[in-house]
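The structure under discussion appears below in the form of C-alpha cells.
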Amino acid sequence: MSKNELIEKAIEIRERAYVPYSNFSVGAALLTKSGKIYTGCNIENAAYPVSLCAERVAIFKAISEGETEFVEMAVVADTERPVPPCGSCRQVMSEFFAGEMKVHLTNLHDNTMTVKVDELLPFSFQKTDMEK
Ligand SMILES: O=c1ccn([C@H]2C[C@H](O)[C@@H](CO)O2)c(=O)[nH]1
Ligand SMILES: [Zn+2]
C-alpha cells in the first residue's frame, strides 16, 4: 500500500460526504497493520455540533471493528493548502495512534504534507495524565 493508493481511497470516499450545511467535503483513509483500509467522510447534521469529521468516522469505524494497530492515514479536501485536521480529530488521533505515525494531508491539486501525530498535537492530554 503506497501513500498514493491511500490518498486515492480518501479521494473516493470524499464523494460520500453528507455536507448540506458547509458544502465542504472531506475524505479520510486509515491503513491498519493487518493491511486493511478504513475510510471515512464527514457527516453533518441540522444540529450542527452533532456533525462528525471524516477523520473521526474512519478512526471510529476501525476501533469499532477491533483494530488497534495503525500504520498511516490520508486526509483530503478541496483546500488551497493541504487540509489541516481540526483540534478534536487531532486529540482522537493522539488517543489511538503512535506519536510517530504519519498522517498525509492533501488537497485535490496533489499538494501533500506529511506530518507525525506528535507534530499535529504536541503536549496532548493522555490517559497517563490521570494517573498519579
Ligand atoms: O479536517 C477536517 C476539517 C473539517 N471537516 C469537516 C467538518 C465539517 O463537516 C466541515 C466544515 O468544517 O468539514 C472534516 O471532516 N475534516
Ligand atoms: Zn475534525
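Quick note on naming: the chains in the C-alpha cells go A, B, ... in the order shown, residues restart at 1 in each chain, and ligands are numbered from 1 in order of appearance.
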* Residues at most 12 Å from region 35-41 of chain A, counting only C-alpha atoms, excluding those fewer than 2 positions away in the same chain, as an MDAnalysis selection string? -> chainID A and resid 1:2 5:19 24:33 43:44 51:77
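For region 11-73 of chain A, the set of residues given strand (DSSP E or B) by DSSP on the backbone reads Tyr18, Val26, Gly27, Ala28, Ala29, Leu30, Leu31, Thr32, Ile37, Tyr38, Thr39, Gly40, Cys41, Ile43, Leu52, Phe70, Val71, Glu72 and Met73 of chain A.
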* To do: Could you check which of A:Met101, A:Ala47, A:Leu120, A:Val92 is closest to ligand 2, using only C-alpha atoms and all ligand atoms?
  => A:Val92
Could the residues of chain A that have an atom at most 6 Å from ligand 2 be listed as a Markdown table, each with its closest atom pair and the distance in Å to one decimal, counting only C-alpha atoms and all ligand atoms and ordered by chain and ascending residue number?
| residue | atom | partner | partner_atom_place_in_ligand_line | distance |
| --- | --- | --- | --- | --- |
| A:Cys53 | CA | ligand 2 | 1 (Zn) | 4.5 |
| A:Pro85 | CA | ligand 2 | 1 (Zn) | 5.2 |
| A:Cys86 | CA | ligand 2 | 1 (Zn) | 4.0 |
| A:Ser88 | CA | ligand 2 | 1 (Zn) | 5.4 |
| A:Cys89 | CA | ligand 2 | 1 (Zn) | 4.2 |
With N, CA and C atoms retained, could you export that selection as a short mmCIF file (atom, residue, chain, number, x, y, z; two decimals), in the first residue's frame?
data_model
loop_
_atom_site.label_atom_id
_atom_site.label_comp_id
_atom_site.auth_asym_id
_atom_site.auth_seq_id
_atom_site.Cartn_x
_atom_site.Cartn_y
_atom_site.Cartn_z
N CYS A 53 -16.39 14.68 11.72
CA CYS A 53 -15.38 14.84 10.68
C CYS A 53 -15.02 13.50 10.03
N PRO A 85 -6.37 19.02 9.87
CA PRO A 85 -7.43 18.43 10.71
C PRO A 85 -7.79 19.34 11.89
N CYS A 86 -9.04 19.28 12.33
CA CYS A 86 -9.48 20.12 13.45
C CYS A 86 -8.89 19.60 14.76
N SER A 88 -10.32 18.56 17.52
CA SER A 88 -10.94 17.35 18.08
C SER A 88 -10.37 16.10 17.43
N CYS A 89 -10.19 16.14 16.11
CA CYS A 89 -9.63 14.98 15.41
C CYS A 89 -8.18 14.76 15.81
#
* Tell me which protein, DNA and RNA residues are within 12 Å of Glu100 (chain A), counting only C-alpha atoms, leaving out same-chain ones fewer than 4 positions away, and put them as a ChimeraX atom specification. => /A:70-72,93-94,96,114-122
* Go through A:Met113, A:Met130, A:Leu105, A:Ala98 and flag the residue nearest ligand 1, using only C-alpha atoms and all ligand atoms for the distances. => A:Leu105
